Amino acid sequence: MKKQLQKTILIAVVAFFGLSNIANAQALFKDLYLGGPTSSSNPLRFTEVNGMMYFVTEQNPLTDYSGTQPHSYALWKSDGTVPNTIRVKDSIISTNAGDALWLYNVNNTLFFVKFTTANIYQSTTTELWKSDGTEAGTTLIKTLLSVNTAPANFTVAGNKLFFQMDAGDGIELWVSDGTTAGTMQVIDLAPGLDPYYSAPISGVVDAPMAAFNGKVYFSGTTVSQDNNGNSNLELYVSDGTSIGTTLVQDINPGIYSSLPKNWVIYNNELYFLVQDSYISGSTTTNIWKTDGTNTVAVTTNNIYHFNTPVVFKNAIYFIKGSTGSEALWKTDGTNAGTVSVTTSAAQINGANADYLITSSYGSNYKKTDGTTVTAVPDSLGKTASFKVLNNKMYYGDGARGLWSTDGTEVGTTHLAPSSLNPNYLFVFDNNLFFSGFIAGTGIELCSLNPAITTGINQVNNLQGISVYPNPSTGIFTCIAPAMSEIKIYNVLGAVVYTGKITSEKTEINLTQQPKGVYFYQLTGNEHAAKSGRIIIE
């Protein structure tokens, strides 16, 4: 506590002397693991469910990478304030050292998966849980016994969680509605043994599935394997019932598979890549789409690739080409409207409302508004993946630190050094949360509030507002119009108080907060606002 108080006061002194950009400070939000000066909680798996942010931490430092010793994890939740960032359940034991819990939002209920076998690529025991945000309401749904590999490719569609699992009859489609009885195999698409391998046939391709209009779409087998071990793998859809699991279309009839993959939803249709014909010893590959009833080809010129598709400015942007010759393309859903945008683009790094950023292998960032293409400063990470907050793009890693960019040289800002090692960036409650290293504390939950770091105390549109006495011991009186909203931030950008002003004169109690400098933001009707600085002494 003394260590954190000293740090808070130090940063408060910086803010007090008028430095508006406090994002250069290491933004510790909360030290979740208090086992020692360098013990880490390693927060990850950030997920929003019903207005709350959930994430996972380690309760004991990860020192055994062999997977032979149990590891204890904890489930946390937060409403974006430090006091309400609390542990939901601890001592969640897993013997799989390489994979913590995976979290999913299923119809505003948190589902999570816990692997209990050391190697998830071997036969495994996996537990499926759900939580209402309380310890008593965090309960086991079902224990799953899987052969050869763990359950995979979890996909939320409608009010169910779909996944793929091999229970001894090959990889098939499974579903859970949150009950024990409702967690089951949907259908065995390929019953029996194939004549070539004398092993169970997998009815579902081990690959990501797509959620569309409350159903799940995937690549499944239409016929049993032939004497050469071949299956015809085509487009299937399921609502989670056996009778509701059907073939959408046999796009490439016969023994050749269409293998639909790389899904994206655009204009209420599902787009994907398929092998749609076999001509003269080679397979042609094109973009197709379906509305759930009609399935048609979008392109007819052998598009080859449809990698990392992203919807941007009313078009689908994607990477096309073989390694070393990749390019950025876009499509409006027609063959004529499928055109090249720029060359030397191996991946799409992110997009906001105004521009999309790509990079080639190693460097060479570019941005495009869909028409023009310009270079982006090369000071960012080599394979950056951006998070968007208030239309600015944020990136962080251990090599470059924390950055923000608007796509221009002057608008590219180094917010924190590489020593912060920011990872798992997640946007919640208008803040940027992440896992970061704080000297003397370890890897803990950090945050950045752009509203604070860009000069919140300069906004003064509301008139007749005052917060006094200032400084005070922690009790403040706020004079403001009724129905105004007030938020108070510490100098690290974390929200420490939020509430409604229900009368013209309201008392605010901050006596539980450490001494130092804080910022308030009052928002009234028609988005008028006033912000300022207060001091607790």
# chains A, B, ... in the order shown; residues from 1 in each chain; ligands from 1
call {"tool": "residues_around", "arguments": {"residues": "Val495 in chain A", "least_positions_apart": "6", "cutoff": "8 Å", "atoms": "only C-alpha atoms", "output": "list in words"}}
result
Gly80, Thr81, Val82, Lys487, Ile488 and Tyr489 of chain A
call {"tool": "residues_around", "arguments": {"residues": "Thr374 in chain A", "least_positions_apart": "5", "cutoff": "12 Å", "atoms": "only C-alpha atoms", "output": "list in words"}}
result
Val341, Thr342, Thr343, Tyr355, Leu356, Ile357, Thr358, Ser359, Asn364, Tyr365, Lys366, Lys367, Thr368, Asp369, Gly407, Thr408 and Glu409 of chain A
call {"tool": "write_last_selection", "arguments": {"atoms": "N, CA, C and O atoms", "output": "PDB file, in the first residue's frame"}}
result
ATOM      1  N   VAL A 341      -6.515  -3.093 -54.450  1.00  0.00           N
ATOM      2  CA  VAL A 341      -6.372  -1.774 -53.822  1.00  0.00           C
ATOM      3  C   VAL A 341      -4.907  -1.356 -53.787  1.00  0.00           C
ATOM      4  O   VAL A 341      -4.547  -0.257 -54.185  1.00  0.00           O
ATOM      5  N   THR A 342      -4.035  -2.259 -53.285  1.00  0.00           N
ATOM      6  CA  THR A 342      -2.609  -1.953 -53.208  1.00  0.00           C
ATOM      7  C   THR A 342      -1.813  -3.239 -53.142  1.00  0.00           C
ATOM      8  O   THR A 342      -2.310  -4.275 -52.685  1.00  0.00           O
ATOM      9  N   THR A 343      -0.561  -3.185 -53.569  1.00  0.00           N
ATOM     10  CA  THR A 343       0.336  -4.338 -53.493  1.00  0.00           C
ATOM     11  C   THR A 343       1.110  -4.309 -52.185  1.00  0.00           C
ATOM     12  O   THR A 343       1.002  -3.369 -51.402  1.00  0.00           O
ATOM     13  N   TYR A 355      -9.992   4.854 -41.984  1.00  0.00           N
ATOM     14  CA  TYR A 355      -8.935   4.234 -42.766  1.00  0.00           C
ATOM     15  C   TYR A 355      -8.655   2.820 -42.273  1.00  0.00           C
ATOM     16  O   TYR A 355      -9.019   2.436 -41.156  1.00  0.00           O
ATOM     17  N   LEU A 356      -8.001   2.073 -43.136  1.00  0.00           N
ATOM     18  CA  LEU A 356      -7.602   0.696 -42.850  1.00  0.00           C
ATOM     19  C   LEU A 356      -6.088   0.617 -42.974  1.00  0.00           C
ATOM     20  O   LEU A 356      -5.502   1.212 -43.884  1.00  0.00           O
ATOM     21  N   ILE A 357      -5.442  -0.098 -42.031  1.00  0.00           N
ATOM     22  CA  ILE A 357      -3.987  -0.212 -42.023  1.00  0.00           C
ATOM     23  C   ILE A 357      -3.573  -1.629 -42.388  1.00  0.00           C
ATOM     24  O   ILE A 357      -4.139  -2.608 -41.888  1.00  0.00           O
ATOM     25  N   THR A 358      -2.587  -1.732 -43.288  1.00  0.00           N
ATOM     26  CA  THR A 358      -2.013  -3.024 -43.656  1.00  0.00           C
ATOM     27  C   THR A 358      -0.501  -2.969 -43.455  1.00  0.00           C
ATOM     28  O   THR A 358       0.088  -1.895 -43.290  1.00  0.00           O
ATOM     29  N   SER A 359       0.120  -4.130 -43.484  1.00  0.00           N
ATOM     30  CA  SER A 359       1.581  -4.188 -43.459  1.00  0.00           C
ATOM     31  C   SER A 359       2.032  -5.381 -44.280  1.00  0.00           C
ATOM     32  O   SER A 359       1.303  -6.360 -44.438  1.00  0.00           O
ATOM     33  N   ASN A 364       6.782  -1.760 -43.546  1.00  0.00           N
ATOM     34  CA  ASN A 364       6.023  -1.164 -44.648  1.00  0.00           C
ATOM     35  C   ASN A 364       4.524  -1.057 -44.358  1.00  0.00           C
ATOM     36  O   ASN A 364       3.703  -1.695 -44.996  1.00  0.00           O
ATOM     37  N   TYR A 365       4.200  -0.241 -43.368  1.00  0.00           N
ATOM     38  CA  TYR A 365       2.796   0.022 -43.070  1.00  0.00           C
ATOM     39  C   TYR A 365       2.199   0.972 -44.100  1.00  0.00           C
ATOM     40  O   TYR A 365       2.836   1.910 -44.556  1.00  0.00           O
ATOM     41  N   LYS A 366       0.947   0.687 -44.442  1.00  0.00           N
ATOM     42  CA  LYS A 366       0.200   1.562 -45.336  1.00  0.00           C
ATOM     43  C   LYS A 366      -1.194   1.766 -44.771  1.00  0.00           C
ATOM     44  O   LYS A 366      -1.712   0.920 -44.038  1.00  0.00           O
ATOM     45  N   LYS A 367      -1.800   2.899 -45.131  1.00  0.00           N
ATOM     46  CA  LYS A 367      -3.196   3.108 -44.785  1.00  0.00           C
ATOM     47  C   LYS A 367      -3.947   3.480 -46.039  1.00  0.00           C
ATOM     48  O   LYS A 367      -3.383   4.047 -46.991  1.00  0.00           O
ATOM     49  N   THR A 368      -5.234   3.152 -46.051  1.00  0.00           N
ATOM     50  CA  THR A 368      -6.065   3.484 -47.200  1.00  0.00           C
ATOM     51  C   THR A 368      -7.461   3.854 -46.736  1.00  0.00           C
ATOM     52  O   THR A 368      -7.959   3.306 -45.748  1.00  0.00           O
ATOM     53  N   ASP A 369      -8.055   4.794 -47.445  1.00  0.00           N
ATOM     54  CA  ASP A 369      -9.462   5.132 -47.216  1.00  0.00           C
ATOM     55  C   ASP A 369     -10.351   4.402 -48.212  1.00  0.00           C
ATOM     56  O   ASP A 369     -11.536   4.677 -48.311  1.00  0.00           O
ATOM     57  N   GLY A 407      -2.820   7.586 -38.033  1.00  0.00           N
ATOM     58  CA  GLY A 407      -2.356   7.306 -39.378  1.00  0.00           C
ATOM     59  C   GLY A 407      -1.426   8.352 -39.948  1.00  0.00           C
ATOM     60  O   GLY A 407      -0.982   8.229 -41.087  1.00  0.00           O
ATOM     61  N   THR A 408      -1.104   9.389 -39.163  1.00  0.00           N
ATOM     62  CA  THR A 408      -0.173  10.426 -39.620  1.00  0.00           C
ATOM     63  C   THR A 408       1.061  10.422 -38.739  1.00  0.00           C
ATOM     64  O   THR A 408       1.053   9.892 -37.617  1.00  0.00           O
ATOM     65  N   GLU A 409       2.136  11.037 -39.232  1.00  0.00           N
ATOM     66  CA  GLU A 409       3.375  11.117 -38.464  1.00  0.00           C
ATOM     67  C   GLU A 409       3.147  11.896 -37.173  1.00  0.00           C
ATOM     68  O   GLU A 409       3.544  11.476 -36.093  1.00  0.00           O
TER      69      GLU A 409
END
call {"tool": "residues_around", "arguments": {"residues": "Ile475 in chain A", "least_positions_apart": "4", "cutoff": "12 Å", "atoms": "only C-alpha atoms", "output": "PyMOL selection string"}}
result
chain A and resi 467-471+506-513+534-537
call {"tool": "write_last_selection", "arguments": {"atoms": "C-alpha atoms", "output": "PDB file, in the first residue's frame"}}
result
ATOM      1  CA  VAL A 467     -16.863  21.419  -6.804  1.00  0.00           C
ATOM      2  CA  TYR A 468     -15.606  22.535  -3.361  1.00  0.00           C
ATOM      3  CA  PRO A 469     -13.791  22.716  -0.986  1.00  0.00           C
ATOM      4  CA  ASN A 470     -10.695  22.161  -3.084  1.00  0.00           C
ATOM      5  CA  PRO A 471      -8.382  20.841  -1.680  1.00  0.00           C
ATOM      6  CA  THR A 506     -24.721  16.914  -3.861  1.00  0.00           C
ATOM      7  CA  GLU A 507     -22.071  15.561  -1.495  1.00  0.00           C
ATOM      8  CA  ILE A 508     -19.369  13.283  -2.932  1.00  0.00           C
ATOM      9  CA  ASN A 509     -17.371  11.099  -0.555  1.00  0.00           C
ATOM     10  CA  LEU A 510     -13.850  10.158  -1.700  1.00  0.00           C
ATOM     11  CA  THR A 511     -12.358   9.533   1.735  1.00  0.00           C
ATOM     12  CA  GLN A 512     -11.497   5.944   0.749  1.00  0.00           C
ATOM     13  CA  GLN A 513      -9.195   7.187  -2.006  1.00  0.00           C
ATOM     14  CA  ILE A 534      -9.516  18.376  -7.393  1.00  0.00           C
ATOM     15  CA  ILE A 535      -7.041  17.469  -4.655  1.00  0.00           C
ATOM     16  CA  ILE A 536      -7.399  15.167  -1.666  1.00  0.00           C
ATOM     17  CA  GLU A 537      -4.958  16.103   1.108  1.00  0.00           C
TER      18      GLU A 537
END
call {"tool": "atom_distance", "arguments": {"atom1": "CA of Ser238 in chain A", "atom2": "CA of Tyr217 in chain A"}}
result
6.6 Å
call {"tool": "closest_atom_pairs", "arguments": {"of": "range 359-448 of chain A", "to": "range 34-57 of chain A", "cutoff": "10 Å", "atoms": "only C-alpha atoms", "output": "Markdown table"}}
result
| residue | atom | partner | partner_atom | distance |
| --- | --- | --- | --- | --- |
| A:Asn423 | CA | A:Leu44 | CA | 8.4 |
| A:Tyr424 | CA | A:Leu44 | CA | 6.3 |
| A:Leu425 | CA | A:Phe46 | CA | 8.5 |
| A:Phe426 | CA | A:Phe46 | CA | 6.6 |
| A:Val427 | CA | A:Phe46 | CA | 9.2 |
| A:Phe428 | CA | A:Met53 | CA | 7.0 |
| A:Asp429 | CA | A:Gly51 | CA | 8.6 |
| A:Phe433 | CA | A:Phe46 | CA | 8.7 |
| A:Phe434 | CA | A:Pro43 | CA | 7.8 |
| A:Ser435 | CA | A:Pro43 | CA | 5.7 |
| A:Gly436 | CA | A:Asn42 | CA | 8.2 |
| A:Phe437 | CA | A:Ser40 | CA | 8.5 |
| A:Ile438 | CA | A:Thr38 | CA | 8.7 |
| A:Ala439 | CA | A:Thr38 | CA | 7.6 |
| A:Gly440 | CA | A:Pro37 | CA | 5.2 |
| A:Thr441 | CA | A:Thr38 | CA | 4.8 |
| A:Gly442 | CA | A:Thr38 | CA | 4.5 |
| A:Ile443 | CA | A:Ser40 | CA | 4.7 |
| A:Glu444 | CA | A:Ser41 | CA | 5.6 |
| A:Leu445 | CA | A:Pro43 | CA | 6.2 |
| A:Cys446 | CA | A:Pro43 | CA | 9.3 |
call {"tool": "write_last_selection", "arguments": {"atoms": "N, CA and C atoms", "output": "mmCIF file, in the first residue's frame"}}
result
data_model
loop_
_atom_site.group_PDB
_atom_site.id
_atom_site.type_symbol
_atom_site.label_atom_id
_atom_site.label_comp_id
_atom_site.auth_asym_id
_atom_site.auth_seq_id
_atom_site.Cartn_x
_atom_site.Cartn_y
_atom_site.Cartn_z
ATOM 1 N N ASN A 423 0.142 -6.038 -23.274
ATOM 2 C CA ASN A 423 -0.409 -7.148 -24.053
ATOM 3 C C ASN A 423 -1.905 -7.274 -23.801
ATOM 4 N N TYR A 424 -2.591 -7.988 -24.696
ATOM 5 C CA TYR A 424 -4.020 -8.294 -24.581
ATOM 6 C C TYR A 424 -4.858 -7.025 -24.455
ATOM 7 N N LEU A 425 -4.619 -6.026 -25.307
ATOM 8 C CA LEU A 425 -5.372 -4.777 -25.256
ATOM 9 C C LEU A 425 -6.861 -5.054 -25.449
ATOM 10 N N PHE A 426 -7.685 -4.379 -24.628
ATOM 11 C CA PHE A 426 -9.127 -4.621 -24.636
ATOM 12 C C PHE A 426 -9.846 -3.319 -24.334
ATOM 13 N N VAL A 427 -10.833 -2.970 -25.138
ATOM 14 C CA VAL A 427 -11.591 -1.735 -24.951
ATOM 15 C C VAL A 427 -12.847 -2.034 -24.151
ATOM 16 N N PHE A 428 -13.009 -1.298 -23.046
ATOM 17 C CA PHE A 428 -14.192 -1.469 -22.189
ATOM 18 C C PHE A 428 -14.457 -0.169 -21.456
ATOM 19 N N ASP A 429 -15.722 0.256 -21.396
ATOM 20 C CA ASP A 429 -16.146 1.450 -20.663
ATOM 21 C C ASP A 429 -15.336 2.674 -21.087
ATOM 22 N N PHE A 433 -7.897 -1.325 -21.516
ATOM 23 C CA PHE A 433 -7.333 -2.186 -20.481
ATOM 24 C C PHE A 433 -6.319 -3.138 -21.111
ATOM 25 N N PHE A 434 -5.320 -3.527 -20.322
ATOM 26 C CA PHE A 434 -4.315 -4.442 -20.839
ATOM 27 C C PHE A 434 -3.494 -5.019 -19.688
ATOM 28 N N SER A 435 -2.720 -6.025 -20.012
ATOM 29 C CA SER A 435 -1.770 -6.616 -19.081
ATOM 30 C C SER A 435 -0.442 -5.905 -19.256
ATOM 31 N N GLY A 436 0.133 -5.386 -18.161
ATOM 32 C CA GLY A 436 1.377 -4.629 -18.266
ATOM 33 C C GLY A 436 2.299 -4.877 -17.089
ATOM 34 N N PHE A 437 3.588 -4.710 -17.335
ATOM 35 C CA PHE A 437 4.593 -4.930 -16.290
ATOM 36 C C PHE A 437 4.895 -3.622 -15.570
ATOM 37 N N ILE A 438 4.734 -3.640 -14.247
ATOM 38 C CA ILE A 438 5.043 -2.495 -13.398
ATOM 39 C C ILE A 438 6.211 -2.879 -12.500
ATOM 40 N N ALA A 439 7.298 -2.136 -12.557
ATOM 41 C CA ALA A 439 8.473 -2.446 -11.748
ATOM 42 C C ALA A 439 8.111 -2.510 -10.271
ATOM 43 N N GLY A 440 8.528 -3.593 -9.605
ATOM 44 C CA GLY A 440 8.229 -3.768 -8.190
ATOM 45 C C GLY A 440 6.853 -4.318 -7.908
ATOM 46 N N THR A 441 6.048 -4.510 -8.938
ATOM 47 C CA THR A 441 4.679 -5.016 -8.782
ATOM 48 C C THR A 441 4.449 -6.281 -9.580
ATOM 49 N N GLY A 442 5.012 -6.357 -10.777
ATOM 50 C CA GLY A 442 4.825 -7.522 -11.624
ATOM 51 C C GLY A 442 3.901 -7.208 -12.784
ATOM 52 N N ILE A 443 3.422 -8.250 -13.452
ATOM 53 C CA ILE A 443 2.511 -8.097 -14.582
ATOM 54 C C ILE A 443 1.086 -8.048 -14.046
ATOM 55 N N GLU A 444 0.468 -6.887 -14.142
ATOM 56 C CA GLU A 444 -0.825 -6.664 -13.506
ATOM 57 C C GLU A 444 -1.790 -5.967 -14.470
ATOM 58 N N LEU A 445 -3.000 -5.708 -13.972
ATOM 59 C CA LEU A 445 -4.041 -5.066 -14.766
ATOM 60 C C LEU A 445 -3.754 -3.574 -14.888
ATOM 61 N N CYS A 446 -3.619 -3.109 -16.122
ATOM 62 C CA CYS A 446 -3.339 -1.703 -16.397
ATOM 63 C C CYS A 446 -4.453 -1.113 -17.242
#
call {"tool": "residues_around", "arguments": {"residues": "range 249-253 of chain A", "least_positions_apart": "5", "cutoff": "8 Å", "atoms": "only C-alpha atoms", "output": "number ranges by chain"}}
result
A: 232, 234-236, 258, 275-277, 295
call {"tool": "write_last_selection", "arguments": {"atoms": "N, CA and C atoms", "output": "short mmCIF file (atom, residue, chain, number, x, y, z; two decimals), in the first residue's frame"}}
result
data_model
loop_
_atom_site.label_atom_id
_atom_site.label_comp_id
_atom_site.auth_asym_id
_atom_site.auth_seq_id
_atom_site.Cartn_x
_atom_site.Cartn_y
_atom_site.Cartn_z
N ASN A 232 -16.31 -35.72 -49.25
CA ASN A 232 -16.79 -34.52 -49.90
C ASN A 232 -17.23 -33.55 -48.82
N GLU A 234 -18.55 -30.03 -47.56
CA GLU A 234 -19.36 -28.97 -48.14
C GLU A 234 -19.97 -28.07 -47.06
N LEU A 235 -20.77 -27.10 -47.48
CA LEU A 235 -21.34 -26.09 -46.59
C LEU A 235 -22.55 -26.64 -45.84
N TYR A 236 -22.44 -26.63 -44.50
CA TYR A 236 -23.53 -27.08 -43.63
C TYR A 236 -23.97 -25.94 -42.71
N SER A 258 -15.53 -28.58 -51.49
CA SER A 258 -15.46 -27.12 -51.62
C SER A 258 -14.76 -26.49 -50.41
N GLN A 275 -13.41 -23.96 -52.79
CA GLN A 275 -12.90 -24.59 -54.00
C GLN A 275 -14.12 -25.04 -54.79
N ASP A 276 -14.43 -24.31 -55.85
CA ASP A 276 -15.75 -24.51 -56.45
C ASP A 276 -15.77 -25.32 -57.74
N SER A 277 -14.61 -25.69 -58.27
CA SER A 277 -14.62 -26.57 -59.43
C SER A 277 -13.24 -27.20 -59.60
N THR A 295 -27.41 -19.70 -52.24
CA THR A 295 -25.95 -19.67 -52.18
C THR A 295 -25.42 -19.50 -53.60
#
call {"tool": "select_by_dssp", "arguments": {"residues": "range 110-345 of chain A", "states": "strand (DSSP E)", "output": "VMD selection string"}}
result
chain A and resid 110 to 115 124 to 131 138 to 146 152 to 157 160 to 166 171 to 176 184 to 187 210 to 212 215 to 221 233 to 238 245 to 249 261 to 266 269 to 279 282 to 290 295 to 297 307 to 311 316 to 320 327 to 331 339 to 343
call {"tool": "residues_around", "arguments": {"residues": "Asn430 in chain A", "least_positions_apart": "3", "cutoff": "8 Å", "atoms": "only C-alpha atoms", "output": "list in words"}}
result
Leu389, Asn390, Val427 and Asn449 of chain A
call {"tool": "write_last_selection", "arguments": {"atoms": "N, CA, C and O atoms", "output": "CSV table (one decimal), in the first residue's frame"}}
result
chain,number,residue,atom,x,y,z
A,389,LEU,N,-10.3,2.9,-30.2
A,389,LEU,CA,-11.0,3.6,-29.2
A,389,LEU,C,-11.1,5.1,-29.6
A,389,LEU,O,-10.1,5.7,-29.8
A,390,ASN,N,-12.4,5.6,-29.6
A,390,ASN,CA,-12.7,6.9,-30.0
A,390,ASN,C,-12.0,7.2,-31.4
A,390,ASN,O,-11.5,8.3,-31.6
A,427,VAL,N,-10.8,-3.0,-25.1
A,427,VAL,CA,-11.6,-1.7,-25.0
A,427,VAL,C,-12.8,-2.0,-24.2
A,427,VAL,O,-13.6,-2.9,-24.5
A,449,ASN,N,-7.0,5.8,-20.0
A,449,ASN,CA,-8.2,6.6,-20.3
A,449,ASN,C,-7.9,7.8,-21.2
A,449,ASN,O,-7.3,8.7,-20.7
call {"tool": "atom_distance", "arguments": {"atom1": "CA of Ile255 in chain A", "atom2": "CA of Phe218 in chain A"}}
result
18.3 Å
call {"tool": "residues_around", "arguments": {"residues": "Gly158 in chain A", "least_positions_apart": "3", "cutoff": "8 Å", "atoms": "only C-alpha atoms", "output": "NGL selection string"}}
result
:A and (106-107 or 213-215)
call {"tool": "write_last_selection", "arguments": {"atoms": "all heavy atoms", "output": "tab-separated table (two decimals), in the first residue's frame"}}
result
chain	number	residue	atom	x	y	z
A	106	VAL	N	-22.38	-15.92	-23.98
A	106	VAL	CA	-23.49	-16.66	-24.58
A	106	VAL	C	-24.80	-16.06	-24.07
A	106	VAL	O	-25.21	-16.31	-22.93
A	106	VAL	CB	-23.43	-18.16	-24.24
A	106	VAL	CG1	-24.55	-18.91	-24.95
A	106	VAL	CG2	-22.07	-18.74	-24.63
A	107	ASN	N	-25.41	-15.21	-24.89
A	107	ASN	CA	-26.69	-14.61	-24.54
A	107	ASN	C	-26.64	-13.93	-23.17
A	107	ASN	O	-27.50	-14.12	-22.33
A	107	ASN	CB	-27.80	-15.67	-24.57
A	107	ASN	CG	-29.19	-15.05	-24.62
A	107	ASN	OD1	-29.36	-13.97	-25.16
A	107	ASN	ND2	-30.15	-15.76	-24.08
A	213	ASN	N	-27.13	-15.27	-38.31
A	213	ASN	CA	-28.58	-15.34	-38.11
A	213	ASN	C	-28.99	-16.41	-37.11
A	213	ASN	O	-29.95	-17.16	-37.32
A	213	ASN	CB	-29.29	-15.56	-39.46
A	213	ASN	CG	-29.27	-14.32	-40.33
A	213	ASN	OD1	-29.00	-13.21	-39.86
A	213	ASN	ND2	-29.54	-14.48	-41.62
A	214	GLY	N	-28.25	-16.51	-36.01
A	214	GLY	CA	-28.61	-17.41	-34.92
A	214	GLY	C	-28.24	-18.86	-35.15
A	214	GLY	O	-28.58	-19.71	-34.32
A	215	LYS	N	-27.54	-19.15	-36.25
A	215	LYS	CA	-27.14	-20.52	-36.54
A	215	LYS	C	-25.64	-20.56	-36.76
A	215	LYS	O	-24.98	-19.52	-36.90
A	215	LYS	CB	-27.88	-21.04	-37.78
A	215	LYS	CG	-29.39	-21.10	-37.61
A	215	LYS	CD	-30.07	-21.61	-38.87
A	215	LYS	CE	-31.59	-21.64	-38.71
A	215	LYS	NZ	-32.27	-22.14	-39.94
call {"tool": "closest_residue", "arguments": {"among": "A:Thr221, A:Ser91, A:Asn431, A:Gln185", "to": "Ser202 in chain A", "atoms": "only C-alpha atoms"}}
result
A:Thr221
call {"tool": "residues_around", "arguments": {"residues": "Gly337 in chain A", "least_positions_apart": "6", "cutoff": "12 Å", "atoms": "only C-alpha atoms", "output": "ChimeraX atom specification"}}
result
/A:298-300,314-317,329-331
call {"tool": "write_last_selection", "arguments": {"atoms": "C-alpha atoms", "output": "short mmCIF file (atom, residue, chain, number, x, y, z; two decimals), in the first residue's frame"}}
result
data_model
loop_
_atom_site.label_atom_id
_atom_site.label_comp_id
_atom_site.auth_asym_id
_atom_site.auth_seq_id
_atom_site.Cartn_x
_atom_site.Cartn_y
_atom_site.Cartn_z
CA VAL A 298 -19.45 -13.77 -56.05
CA THR A 299 -16.28 -14.15 -58.13
CA THR A 300 -15.61 -16.34 -61.14
CA ASN A 314 -19.27 -0.75 -47.28
CA ALA A 315 -16.91 -3.27 -48.85
CA ILE A 316 -15.01 -6.40 -47.84
CA TYR A 317 -11.24 -5.96 -47.80
CA TRP A 329 -8.16 -6.37 -52.54
CA LYS A 330 -11.76 -5.38 -51.93
CA THR A 331 -15.16 -6.58 -53.11
#
call {"tool": "atom_distance", "arguments": {"atom1": "CA of Ile92 in chain A", "atom2": "CA of Ser447 in chain A"}}
result
25.5 Å
call {"tool": "closest_residue", "arguments": {"among": "A:Phe212, A:Phe115, A:Trp263, A:Tyr304", "to": "Gly292 in chain A", "atoms": "only C-alpha atoms"}}
result
A:Phe212
call {"tool": "closest_residue", "arguments": {"among": "A:Lys261, A:Thr124, A:Ala399, A:Gly370", "to": "Pro417 in chain A", "atoms": "only C-alpha atoms"}}
result
A:Ala399
